[in-house]
Amino acid sequence: MASAHHYLGDIDGELQWLDEAWAHAERSRSDFFKARILSNRGGMLYYLGRFAEAADQNRLSAAWARRVGNTFEFIAGCVGVGICSIHLANYEHACAAASEIAASARVLKDPHYTAKALEIEGLAYYFLGLHDAAQRCVRDGLASLRNRGHIEVRPRLDWLMARILRSKGEVDESRALLLEAERRLLKTRDMEDLWGVQIELNLIEAGLGNPEAAIAGINKILRESEQKKFLVVAVPAALAIAEILDDQRIDREDLGNTIAVGLERAERSGMRELAWRLSYRMGALAWKAGEDREGQARCTHAIRILREIASTLTDDHRKAYLAAAHVASALQQMGAP
């Protein structure tokens, strides 16, 4: 019943049935079901953009699964922790979760979860600026899926590889991978991933000289994702618009509120990576408009979040992160020491 309400978009009904399921499990001492209930609750919180709470529920799910010896549910809980950790910019936690998933996937001989572990690890490396390591993860993940038909993680691996290639200037190769991922996702209708891929395609379109069309396409995705309350899509869409406006030196005052709302959502949900990038882009746009005080305030805020993320990393990862092209460039432009 909780799952049915989830697919209907009825969050209140989903929560009610999850609470009732938990109460039955407690009364009957059915510990075996607790991991699934908790991971479903984590999925609901993820959908709402409450990533820290979702990660906590998935950690509890993994703990209960380990207690009753359910390896499949343990993996599911760790996947939830890993994905939420990526959104929260807790990259060390994401890497640790990926290691747990990979070890358990080897026990089950499950190529899907082997690939999922590599995707999470690859995402962490990508955001840390370790693009070669991220690329190896993607290649290993795709190799584990070879000759296995459709598996839902495959388009996500293609999407990640496309982002890596675009960051290296290999735009044609990136676009080809994104179009293939889009083709698959149009069949499965996994809207979170489909919209993410389409945002990336529009960013490429903007770089090829069609920024206004790209902005219109991303803005359409943003509005549709808002209707479905997909915060995990709406925030990256707002950032993509801000990046295009800044990089292409486009003045669109009508989009200022869209970007500001994106930042507020990122901060409320704990999406620190997107929060500092949005704040930085808002600062850059303010400077271009001659609003020096606003620009300085936004950039000071971005630097604070950036340092907060860096403080959670190991020494090697911190050095890599601060030296990553997008981070180093932003710090230089913001005049950070």
# chains A, B, ... in the order shown; residues from 1 in each chain; ligands from 1
call {"tool": "closest_atom_pairs", "arguments": {"of": "segment 178-250 of chain A", "to": "segment 83-107 of chain A", "cutoff": "12 Å", "atoms": "only C-alpha atoms", "output": "tab-separated table"}}
result
residue	atom	partner	partner_atom	distance
A:Leu231	CA	A:His87	CA	11.2
A:Val232	CA	A:His87	CA	8.5
A:Val233	CA	A:His87	CA	11.4
A:Val235	CA	A:His87	CA	10.9
A:Pro236	CA	A:His87	CA	10.7
call {"tool": "residues_around", "arguments": {"residues": "segment 314-320 of chain A", "least_positions_apart": "4", "cutoff": "10 Å", "atoms": "only C-alpha atoms", "output": "PyMOL selection string"}}
result
chain A and resi 91-92+125+127-130+307+309-310+324-325+327
call {"tool": "residues_around", "arguments": {"residues": "Glu243 of chain A", "least_positions_apart": "3", "cutoff": "12 Å", "atoms": "only C-alpha atoms", "output": "number ranges by chain"}}
result
A: 199-200, 202-204, 206-207, 211, 214-215, 218, 236-240, 246-250, 259, 274, 277-285, 326, 330
call {"tool": "closest_atom_pairs", "arguments": {"of": "segment 206-292 of chain A", "to": "segment 44-66 of chain A", "cutoff": "12 Å", "atoms": "only C-alpha atoms", "output": "JSON lines"}}
result
{"residue": "A:Ser225", "atom": "CA", "partner": "A:Tyr47", "partner_atom": "CA", "distance": 11.4}
{"residue": "A:Glu226", "atom": "CA", "partner": "A:Leu48", "partner_atom": "CA", "distance": 11.2}
{"residue": "A:Lys228", "atom": "CA", "partner": "A:Tyr47", "partner_atom": "CA", "distance": 9.7}
{"residue": "A:Lys229", "atom": "CA", "partner": "A:Leu48", "partner_atom": "CA", "distance": 7.0}
{"residue": "A:Phe230", "atom": "CA", "partner": "A:Tyr47", "partner_atom": "CA", "distance": 6.5}
{"residue": "A:Leu231", "atom": "CA", "partner": "A:Gly49", "partner_atom": "CA", "distance": 5.8}
{"residue": "A:Val232", "atom": "CA", "partner": "A:Gly49", "partner_atom": "CA", "distance": 6.5}
{"residue": "A:Val233", "atom": "CA", "partner": "A:Gly49", "partner_atom": "CA", "distance": 10.0}
{"residue": "A:Ala234", "atom": "CA", "partner": "A:Gly49", "partner_atom": "CA", "distance": 10.4}
{"residue": "A:Val235", "atom": "CA", "partner": "A:Gly49", "partner_atom": "CA", "distance": 10.1}
{"residue": "A:Arg265", "atom": "CA", "partner": "A:Gly49", "partner_atom": "CA", "distance": 8.6}
{"residue": "A:Ala266", "atom": "CA", "partner": "A:Gly49", "partner_atom": "CA", "distance": 8.9}
{"residue": "A:Glu267", "atom": "CA", "partner": "A:Gly49", "partner_atom": "CA", "distance": 10.6}
{"residue": "A:Arg268", "atom": "CA", "partner": "A:Arg50", "partner_atom": "CA", "distance": 8.4}
{"residue": "A:Ser269", "atom": "CA", "partner": "A:Arg50", "partner_atom": "CA", "distance": 5.4}
{"residue": "A:Gly270", "atom": "CA", "partner": "A:Phe51", "partner_atom": "CA", "distance": 7.0}
{"residue": "A:Met271", "atom": "CA", "partner": "A:Phe51", "partner_atom": "CA", "distance": 8.1}
{"residue": "A:Arg272", "atom": "CA", "partner": "A:Phe51", "partner_atom": "CA", "distance": 11.1}
call {"tool": "write_last_selection", "arguments": {"atoms": "all heavy atoms", "output": "CSV table (one decimal), in the first residue's frame"}}
result
chain,number,residue,atom,x,y,z
A,225,SER,N,9.5,19.4,-13.5
A,225,SER,CA,10.0,18.7,-12.3
A,225,SER,C,9.5,19.4,-11.0
A,225,SER,O,9.2,18.7,-10.0
A,225,SER,CB,11.6,18.8,-12.2
A,225,SER,OG,12.0,20.1,-12.1
A,226,GLU,N,9.2,20.7,-11.0
A,226,GLU,CA,8.6,21.3,-9.9
A,226,GLU,C,7.2,20.8,-9.7
A,226,GLU,O,6.7,20.6,-8.5
A,226,GLU,CB,8.5,22.8,-10.1
A,226,GLU,CG,9.8,23.5,-9.9
A,226,GLU,CD,9.7,25.0,-10.1
A,226,GLU,OE1,8.9,25.4,-11.0
A,226,GLU,OE2,10.4,25.8,-9.4
A,228,LYS,N,6.1,17.9,-10.3
A,228,LYS,CA,6.2,16.5,-9.7
A,228,LYS,C,7.0,16.5,-8.4
A,228,LYS,O,7.2,15.5,-7.8
A,228,LYS,CB,6.9,15.6,-10.7
A,228,LYS,CG,6.0,15.3,-11.9
A,228,LYS,CD,6.7,14.2,-12.8
A,228,LYS,CE,5.8,13.8,-13.9
A,228,LYS,NZ,4.6,13.1,-13.5
A,229,LYS,N,7.4,17.7,-7.9
A,229,LYS,CA,8.2,17.9,-6.7
A,229,LYS,C,9.5,17.1,-6.7
A,229,LYS,O,10.0,16.6,-5.7
A,229,LYS,CB,7.3,17.5,-5.5
A,229,LYS,CG,6.1,18.3,-5.3
A,229,LYS,CD,5.3,17.9,-4.1
A,229,LYS,CE,4.0,18.7,-4.0
A,229,LYS,NZ,3.2,18.3,-2.8
A,230,PHE,N,10.1,17.1,-7.9
A,230,PHE,CA,11.4,16.4,-8.1
A,230,PHE,C,12.5,17.5,-7.8
A,230,PHE,O,13.1,18.0,-8.7
A,230,PHE,CB,11.6,15.9,-9.5
A,230,PHE,CG,11.1,14.5,-9.7
A,230,PHE,CD1,10.3,13.9,-8.7
A,230,PHE,CD2,11.5,13.7,-10.7
A,230,PHE,CE1,9.9,12.6,-8.9
A,230,PHE,CE2,11.1,12.4,-10.9
A,230,PHE,CZ,10.3,11.8,-10.0
A,231,LEU,N,12.8,17.8,-6.5
A,231,LEU,CA,13.8,18.7,-6.2
A,231,LEU,C,15.1,18.3,-6.7
A,231,LEU,O,16.0,19.2,-7.1
A,231,LEU,CB,13.8,18.9,-4.7
A,231,LEU,CG,14.7,20.0,-4.1
A,231,LEU,CD1,14.1,20.7,-3.0
A,231,LEU,CD2,16.0,19.3,-3.5
A,232,VAL,N,15.4,17.0,-6.8
A,232,VAL,CA,16.7,16.5,-7.3
A,232,VAL,C,16.9,16.9,-8.7
A,232,VAL,O,18.1,16.8,-9.2
A,232,VAL,CB,16.7,15.0,-7.0
A,232,VAL,CG1,15.9,14.2,-8.0
A,232,VAL,CG2,18.2,14.5,-7.0
A,233,VAL,N,15.9,17.3,-9.5
A,233,VAL,CA,16.0,17.7,-10.8
A,233,VAL,C,16.0,19.3,-10.9
A,233,VAL,O,16.7,19.9,-11.6
A,233,VAL,CB,14.9,17.1,-11.7
A,233,VAL,CG1,15.0,17.7,-13.1
A,233,VAL,CG2,15.1,15.6,-11.8
A,234,ALA,N,15.1,19.8,-10.1
A,234,ALA,CA,14.8,21.3,-10.2
A,234,ALA,C,16.1,22.1,-9.8
A,234,ALA,O,16.4,23.1,-10.4
A,234,ALA,CB,13.7,21.7,-9.3
A,235,VAL,N,16.8,21.6,-8.8
A,235,VAL,CA,18.0,22.4,-8.4
A,235,VAL,C,19.1,22.3,-9.4
A,235,VAL,O,19.7,23.4,-9.8
A,235,VAL,CB,18.5,21.9,-7.0
A,235,VAL,CG1,19.9,22.6,-6.6
A,235,VAL,CG2,17.5,22.2,-5.9
A,265,ARG,N,16.5,26.2,-2.3
A,265,ARG,CA,16.2,24.7,-2.2
A,265,ARG,C,17.4,23.9,-2.0
A,265,ARG,O,17.4,22.9,-1.2
A,265,ARG,CB,15.6,24.3,-3.6
A,265,ARG,CG,14.1,24.8,-3.7
A,265,ARG,CD,13.7,24.5,-5.2
A,265,ARG,NE,12.2,24.8,-5.3
A,265,ARG,CZ,11.6,25.0,-6.4
A,265,ARG,NH1,12.3,24.9,-7.6
A,265,ARG,NH2,10.3,25.2,-6.5
A,266,ALA,N,18.6,24.3,-2.6
A,266,ALA,CA,19.8,23.5,-2.4
A,266,ALA,C,20.2,23.6,-1.0
A,266,ALA,O,20.7,22.6,-0.4
A,266,ALA,CB,20.9,24.1,-3.3
A,267,GLU,N,20.1,24.8,-0.4
A,267,GLU,CA,20.6,24.9,1.0
A,267,GLU,C,19.6,24.2,2.0
A,267,GLU,O,20.1,23.6,2.9
A,267,GLU,CB,20.7,26.4,1.4
A,267,GLU,CG,21.8,27.1,0.5
A,267,GLU,CD,22.1,28.5,1.1
A,267,GLU,OE1,21.2,29.3,1.3
A,267,GLU,OE2,23.3,28.8,1.3
A,268,ARG,N,18.4,24.3,1.7
A,268,ARG,CA,17.4,23.7,2.6
A,268,ARG,C,17.5,22.1,2.6
A,268,ARG,O,17.4,21.5,3.6
A,268,ARG,CB,16.0,24.0,2.1
A,268,ARG,CG,14.9,23.5,3.1
A,268,ARG,CD,13.5,24.0,2.7
A,268,ARG,NE,13.0,23.4,1.5
A,268,ARG,CZ,12.8,24.1,0.3
A,268,ARG,NH1,12.9,25.4,0.3
A,268,ARG,NH2,12.3,23.4,-0.7
A,269,SER,N,17.9,21.6,1.4
A,269,SER,CA,18.0,20.1,1.3
A,269,SER,C,19.4,19.6,1.6
A,269,SER,O,19.7,18.4,1.7
A,269,SER,CB,17.6,19.7,-0.1
A,269,SER,OG,18.5,20.2,-1.0
A,270,GLY,N,20.4,20.5,1.8
A,270,GLY,CA,21.8,20.1,2.2
A,270,GLY,C,22.6,19.8,0.9
A,270,GLY,O,23.6,19.2,1.1
A,271,MET,N,22.2,20.2,-0.2
A,271,MET,CA,22.9,19.9,-1.5
A,271,MET,C,24.1,20.9,-1.6
A,271,MET,O,24.0,21.9,-2.4
A,271,MET,CB,22.0,20.0,-2.7
A,271,MET,CG,20.8,19.0,-2.6
A,271,MET,SD,19.6,19.3,-3.9
A,271,MET,CE,20.3,18.5,-5.3
A,272,ARG,N,25.1,20.7,-0.8
A,272,ARG,CA,26.2,21.7,-0.7
A,272,ARG,C,27.0,22.0,-1.9
A,272,ARG,O,27.3,23.1,-2.2
A,272,ARG,CB,27.1,21.3,0.4
A,272,ARG,CG,26.5,21.2,1.8
A,272,ARG,CD,27.5,20.8,2.9
A,272,ARG,NE,28.1,19.5,2.7
A,272,ARG,CZ,29.1,19.0,3.4
A,272,ARG,NH1,29.6,19.7,4.4
A,272,ARG,NH2,29.5,17.8,3.2
call {"tool": "residues_around", "arguments": {"residues": "Gly141 of chain A", "least_positions_apart": "4", "cutoff": "12 Å", "atoms": "only C-alpha atoms", "output": "PyMOL selection string"}}
result
chain A and resi 102+110-122+134-137+145-146+151+153-158+160-161
call {"tool": "write_last_selection", "arguments": {"atoms": "N, CA and C atoms", "output": "PDB file, in the first residue's frame"}}
result
ATOM      1  N   ALA A 102      29.966  -3.038  -3.215  1.00  0.00           N
ATOM      2  CA  ALA A 102      30.797  -3.887  -4.081  1.00  0.00           C
ATOM      3  C   ALA A 102      31.108  -5.219  -3.407  1.00  0.00           C
ATOM      4  N   ASP A 110      26.170 -10.402  -8.300  1.00  0.00           N
ATOM      5  CA  ASP A 110      25.160  -9.556  -8.932  1.00  0.00           C
ATOM      6  C   ASP A 110      25.833  -8.434  -9.728  1.00  0.00           C
ATOM      7  N   PRO A 111      25.823  -8.503 -11.071  1.00  0.00           N
ATOM      8  CA  PRO A 111      26.505  -7.480 -11.883  1.00  0.00           C
ATOM      9  C   PRO A 111      25.845  -6.110 -11.782  1.00  0.00           C
ATOM     10  N   HIS A 112      24.521  -6.091 -11.543  1.00  0.00           N
ATOM     11  CA  HIS A 112      23.822  -4.811 -11.431  1.00  0.00           C
ATOM     12  C   HIS A 112      24.371  -4.002 -10.268  1.00  0.00           C
ATOM     13  N   TYR A 113      24.505  -4.636  -9.109  1.00  0.00           N
ATOM     14  CA  TYR A 113      24.978  -3.890  -7.942  1.00  0.00           C
ATOM     15  C   TYR A 113      26.490  -3.667  -7.980  1.00  0.00           C
ATOM     16  N   THR A 114      27.206  -4.512  -8.696  1.00  0.00           N
ATOM     17  CA  THR A 114      28.617  -4.213  -8.943  1.00  0.00           C
ATOM     18  C   THR A 114      28.732  -2.910  -9.721  1.00  0.00           C
ATOM     19  N   ALA A 115      27.905  -2.781 -10.760  1.00  0.00           N
ATOM     20  CA  ALA A 115      27.910  -1.556 -11.565  1.00  0.00           C
ATOM     21  C   ALA A 115      27.420  -0.366 -10.748  1.00  0.00           C
ATOM     22  N   LYS A 116      26.436  -0.586  -9.875  1.00  0.00           N
ATOM     23  CA  LYS A 116      25.912   0.511  -9.057  1.00  0.00           C
ATOM     24  C   LYS A 116      26.983   1.017  -8.096  1.00  0.00           C
ATOM     25  N   ALA A 117      27.739   0.105  -7.514  1.00  0.00           N
ATOM     26  CA  ALA A 117      28.837   0.509  -6.628  1.00  0.00           C
ATOM     27  C   ALA A 117      29.847   1.361  -7.397  1.00  0.00           C
ATOM     28  N   LEU A 118      30.170   0.944  -8.605  1.00  0.00           N
ATOM     29  CA  LEU A 118      31.135   1.678  -9.421  1.00  0.00           C
ATOM     30  C   LEU A 118      30.579   3.024  -9.860  1.00  0.00           C
ATOM     31  N   GLU A 119      29.269   3.095 -10.098  1.00  0.00           N
ATOM     32  CA  GLU A 119      28.662   4.381 -10.447  1.00  0.00           C
ATOM     33  C   GLU A 119      28.781   5.362  -9.285  1.00  0.00           C
ATOM     34  N   ILE A 120      28.458   4.917  -8.073  1.00  0.00           N
ATOM     35  CA  ILE A 120      28.528   5.803  -6.909  1.00  0.00           C
ATOM     36  C   ILE A 120      29.970   6.247  -6.661  1.00  0.00           C
ATOM     37  N   GLU A 121      30.898   5.292  -6.740  1.00  0.00           N
ATOM     38  CA  GLU A 121      32.303   5.637  -6.567  1.00  0.00           C
ATOM     39  C   GLU A 121      32.756   6.608  -7.663  1.00  0.00           C
ATOM     40  N   GLY A 122      32.313   6.344  -8.898  1.00  0.00           N
ATOM     41  CA  GLY A 122      32.669   7.223 -10.012  1.00  0.00           C
ATOM     42  C   GLY A 122      32.118   8.631  -9.842  1.00  0.00           C
ATOM     43  N   ALA A 134      37.310   8.414 -12.105  1.00  0.00           N
ATOM     44  CA  ALA A 134      35.878   8.291 -12.385  1.00  0.00           C
ATOM     45  C   ALA A 134      35.645   7.547 -13.688  1.00  0.00           C
ATOM     46  N   GLN A 135      36.468   7.859 -14.692  1.00  0.00           N
ATOM     47  CA  GLN A 135      36.343   7.212 -15.994  1.00  0.00           C
ATOM     48  C   GLN A 135      36.620   5.710 -15.886  1.00  0.00           C
ATOM     49  N   ARG A 136      37.602   5.339 -15.078  1.00  0.00           N
ATOM     50  CA  ARG A 136      37.874   3.905 -14.877  1.00  0.00           C
ATOM     51  C   ARG A 136      36.678   3.209 -14.237  1.00  0.00           C
ATOM     52  N   CYS A 137      36.048   3.868 -13.289  1.00  0.00           N
ATOM     53  CA  CYS A 137      34.866   3.278 -12.637  1.00  0.00           C
ATOM     54  C   CYS A 137      33.755   3.027 -13.651  1.00  0.00           C
ATOM     55  N   LEU A 145      28.385  -5.140 -17.083  1.00  0.00           N
ATOM     56  CA  LEU A 145      27.028  -5.274 -17.625  1.00  0.00           C
ATOM     57  C   LEU A 145      27.015  -5.809 -19.050  1.00  0.00           C
ATOM     58  N   ARG A 146      28.163  -6.086 -19.593  1.00  0.00           N
ATOM     59  CA  ARG A 146      28.247  -6.482 -21.000  1.00  0.00           C
ATOM     60  C   ARG A 146      27.404  -7.724 -21.278  1.00  0.00           C
ATOM     61  N   ILE A 151      19.730  -2.887 -18.178  1.00  0.00           N
ATOM     62  CA  ILE A 151      19.845  -2.765 -16.724  1.00  0.00           C
ATOM     63  C   ILE A 151      19.803  -1.279 -16.433  1.00  0.00           C
ATOM     64  N   VAL A 153      20.976   0.809 -14.478  1.00  0.00           N
ATOM     65  CA  VAL A 153      22.156   1.611 -14.150  1.00  0.00           C
ATOM     66  C   VAL A 153      22.965   1.983 -15.399  1.00  0.00           C
ATOM     67  N   ARG A 154      22.746   1.287 -16.514  1.00  0.00           N
ATOM     68  CA  ARG A 154      23.556   1.541 -17.721  1.00  0.00           C
ATOM     69  C   ARG A 154      23.426   2.992 -18.221  1.00  0.00           C
ATOM     70  N   PRO A 155      22.195   3.545 -18.373  1.00  0.00           N
ATOM     71  CA  PRO A 155      22.119   4.940 -18.814  1.00  0.00           C
ATOM     72  C   PRO A 155      22.786   5.908 -17.844  1.00  0.00           C
ATOM     73  N   ARG A 156      22.777   5.582 -16.564  1.00  0.00           N
ATOM     74  CA  ARG A 156      23.428   6.457 -15.585  1.00  0.00           C
ATOM     75  C   ARG A 156      24.949   6.444 -15.766  1.00  0.00           C
ATOM     76  N   LEU A 157      25.490   5.287 -16.111  1.00  0.00           N
ATOM     77  CA  LEU A 157      26.924   5.209 -16.387  1.00  0.00           C
ATOM     78  C   LEU A 157      27.279   5.991 -17.656  1.00  0.00           C
ATOM     79  N   ASP A 158      26.437   5.872 -18.685  1.00  0.00           N
ATOM     80  CA  ASP A 158      26.664   6.655 -19.901  1.00  0.00           C
ATOM     81  C   ASP A 158      26.583   8.155 -19.616  1.00  0.00           C
ATOM     82  N   LEU A 160      27.198   9.666 -16.744  1.00  0.00           N
ATOM     83  CA  LEU A 160      28.391  10.070 -16.008  1.00  0.00           C
ATOM     84  C   LEU A 160      29.598  10.174 -16.946  1.00  0.00           C
ATOM     85  N   MET A 161      29.770   9.196 -17.833  1.00  0.00           N
ATOM     86  CA  MET A 161      30.879   9.255 -18.780  1.00  0.00           C
ATOM     87  C   MET A 161      30.765  10.498 -19.665  1.00  0.00           C
TER      88      MET A 161
END
call {"tool": "closest_residue", "arguments": {"among": "A:Ala216, A:Leu306, A:Ala76, A:Ala35", "to": "Arg252 of chain A", "atoms": "only C-alpha atoms"}}
result
A:Ala216
call {"tool": "residues_around", "arguments": {"residues": "Gly335 of chain A", "least_positions_apart": "5", "cutoff": "10 Å", "atoms": "only C-alpha atoms", "output": "list in words"}}
result
Gln296, Cys299, Thr300, Ile303, Ser329 and Ala330 of chain A
call {"tool": "atom_distance", "arguments": {"atom1": "atom CA of Asn40 of chain A", "atom2": "atom CA of Leu185 of chain A"}}
result
23.1 Å
call {"tool": "atom_distance", "arguments": {"atom1": "atom CA of Met191 of chain A", "atom2": "atom CA of Glu205 of chain A"}}
result
20.4 Å
call {"tool": "select_by_dssp", "arguments": {"residues": "segment 63-303 of chain A", "states": "helix (DSSP H, G or I)", "output": "PyMOL selection string"}}
result
chain A and resi 63-68+71-87+91-108+111-128+131-144+153-167+171-188+191-207+211-227+231-247+253-269+272-288+292-303
call {"tool": "atom_distance", "arguments": {"atom1": "atom CA of Leu194 of chain A", "atom2": "atom CA of Gln227 of chain A"}}
result
15.8 Å
call {"tool": "residues_around", "arguments": {"residues": "Glu180 of chain A", "least_positions_apart": "3", "cutoff": "10 Å", "atoms": "only C-alpha atoms", "output": "mmCIF file with N, CA, C and O atoms, in the first residue's frame"}}
result
data_model
loop_
_atom_site.group_PDB
_atom_site.id
_atom_site.type_symbol
_atom_site.label_atom_id
_atom_site.label_comp_id
_atom_site.auth_asym_id
_atom_site.auth_seq_id
_atom_site.Cartn_x
_atom_site.Cartn_y
_atom_site.Cartn_z
ATOM 1 N N PRO A 155 22.195 3.545 -18.373
ATOM 2 C CA PRO A 155 22.119 4.940 -18.814
ATOM 3 C C PRO A 155 22.786 5.908 -17.844
ATOM 4 O O PRO A 155 23.324 6.937 -18.254
ATOM 5 N N ASP A 158 26.437 5.872 -18.685
ATOM 6 C CA ASP A 158 26.664 6.655 -19.901
ATOM 7 C C ASP A 158 26.583 8.155 -19.616
ATOM 8 O O ASP A 158 27.375 8.948 -20.142
ATOM 9 N N TRP A 159 25.624 8.542 -18.784
ATOM 10 C CA TRP A 159 25.450 9.940 -18.404
ATOM 11 C C TRP A 159 26.696 10.456 -17.678
ATOM 12 O O TRP A 159 27.215 11.525 -17.993
ATOM 13 N N ARG A 175 28.060 14.112 -26.376
ATOM 14 C CA ARG A 175 26.706 14.248 -26.923
ATOM 15 C C ARG A 175 26.180 12.905 -27.433
ATOM 16 O O ARG A 175 25.001 12.573 -27.223
ATOM 17 N N ALA A 176 27.031 12.122 -28.063
ATOM 18 C CA ALA A 176 26.607 10.818 -28.576
ATOM 19 C C ALA A 176 26.162 9.900 -27.438
ATOM 20 O O ALA A 176 25.144 9.198 -27.542
ATOM 21 N N LEU A 177 26.908 9.892 -26.346
ATOM 22 C CA LEU A 177 26.545 9.067 -25.197
ATOM 23 C C LEU A 177 25.237 9.540 -24.575
ATOM 24 O O LEU A 177 24.386 8.729 -24.172
ATOM 25 N N ARG A 183 17.713 7.938 -25.380
ATOM 26 C CA ARG A 183 16.895 6.975 -26.121
ATOM 27 C C ARG A 183 16.396 5.858 -25.206
ATOM 28 O O ARG A 183 15.220 5.477 -25.241
ATOM 29 N N ARG A 184 17.287 5.342 -24.361
ATOM 30 C CA ARG A 184 16.892 4.268 -23.450
ATOM 31 C C ARG A 184 15.914 4.768 -22.392
ATOM 32 O O ARG A 184 14.946 4.083 -22.038
ATOM 33 N N LEU A 185 16.182 5.960 -21.885
ATOM 34 C CA LEU A 185 15.349 6.479 -20.797
ATOM 35 C C LEU A 185 13.969 6.900 -21.278
ATOM 36 O O LEU A 185 13.007 6.887 -20.502
ATOM 37 N N VAL A 197 19.755 13.864 -17.998
ATOM 38 C CA VAL A 197 20.445 13.722 -19.280
ATOM 39 C C VAL A 197 20.083 14.868 -20.219
ATOM 40 O O VAL A 197 20.949 15.430 -20.908
#
call {"tool": "decode", "arguments": {"residues": "segment 82-97 of chain A", "atoms": "N, CA, C and O atoms", "output": "compact mmCIF listing (two decimals), in the first residue's frame"}}
result
# COMPACT_ATOMS: atom_id res chain seq x y z
N GLY A 82 24.74 5.86 -0.23
CA GLY A 82 25.71 6.36 -1.20
C GLY A 82 25.16 7.49 -2.06
O GLY A 82 25.82 8.53 -2.22
N ILE A 83 23.96 7.31 -2.60
CA ILE A 83 23.37 8.33 -3.46
C ILE A 83 23.07 9.60 -2.67
O ILE A 83 23.35 10.72 -3.12
N CYS A 84 22.52 9.46 -1.46
CA CYS A 84 22.25 10.64 -0.63
C CYS A 84 23.55 11.35 -0.28
O CYS A 84 23.59 12.60 -0.24
N SER A 85 24.60 10.60 -0.02
CA SER A 85 25.89 11.21 0.32
C SER A 85 26.45 12.02 -0.83
O SER A 85 27.07 13.08 -0.62
N ILE A 86 26.23 11.56 -2.06
CA ILE A 86 26.65 12.34 -3.23
C ILE A 86 25.93 13.68 -3.24
O ILE A 86 26.53 14.74 -3.41
N HIS A 87 24.62 13.66 -3.04
CA HIS A 87 23.84 14.90 -3.05
C HIS A 87 24.24 15.83 -1.92
O HIS A 87 24.17 17.06 -2.06
N LEU A 88 24.66 15.28 -0.80
CA LEU A 88 25.06 16.08 0.36
C LEU A 88 26.53 16.51 0.30
O LEU A 88 27.01 17.19 1.20
N ALA A 89 27.23 16.10 -0.75
CA ALA A 89 28.66 16.38 -0.91
C ALA A 89 29.47 15.74 0.21
O ALA A 89 30.53 16.25 0.60
N ASN A 90 28.98 14.61 0.72
CA ASN A 90 29.74 13.80 1.69
C ASN A 90 30.46 12.70 0.91
O ASN A 90 30.08 11.53 0.94
N TYR A 91 31.50 13.08 0.19
CA TYR A 91 32.10 12.17 -0.78
C TYR A 91 32.84 10.99 -0.12
O TYR A 91 32.88 9.91 -0.69
N GLU A 92 33.39 11.20 1.06
CA GLU A 92 34.03 10.08 1.77
C GLU A 92 33.00 9.04 2.16
O GLU A 92 33.24 7.83 2.04
N HIS A 93 31.82 9.48 2.61
CA HIS A 93 30.75 8.54 2.96
C HIS A 93 30.29 7.78 1.73
O HIS A 93 29.98 6.58 1.80
N ALA A 94 30.22 8.47 0.60
CA ALA A 94 29.79 7.82 -0.64
C ALA A 94 30.77 6.73 -1.04
O ALA A 94 30.37 5.62 -1.44
N CYS A 95 32.07 7.01 -0.93
CA CYS A 95 33.08 6.00 -1.28
C CYS A 95 33.00 4.79 -0.34
O CYS A 95 33.14 3.64 -0.78
N ALA A 96 32.76 5.06 0.94
CA ALA A 96 32.64 3.96 1.90
C ALA A 96 31.42 3.10 1.58
O ALA A 96 31.48 1.86 1.63
N ALA A 97 30.30 3.73 1.25
CA ALA A 97 29.10 2.98 0.88
C ALA A 97 29.33 2.16 -0.37
O ALA A 97 28.90 1.00 -0.46
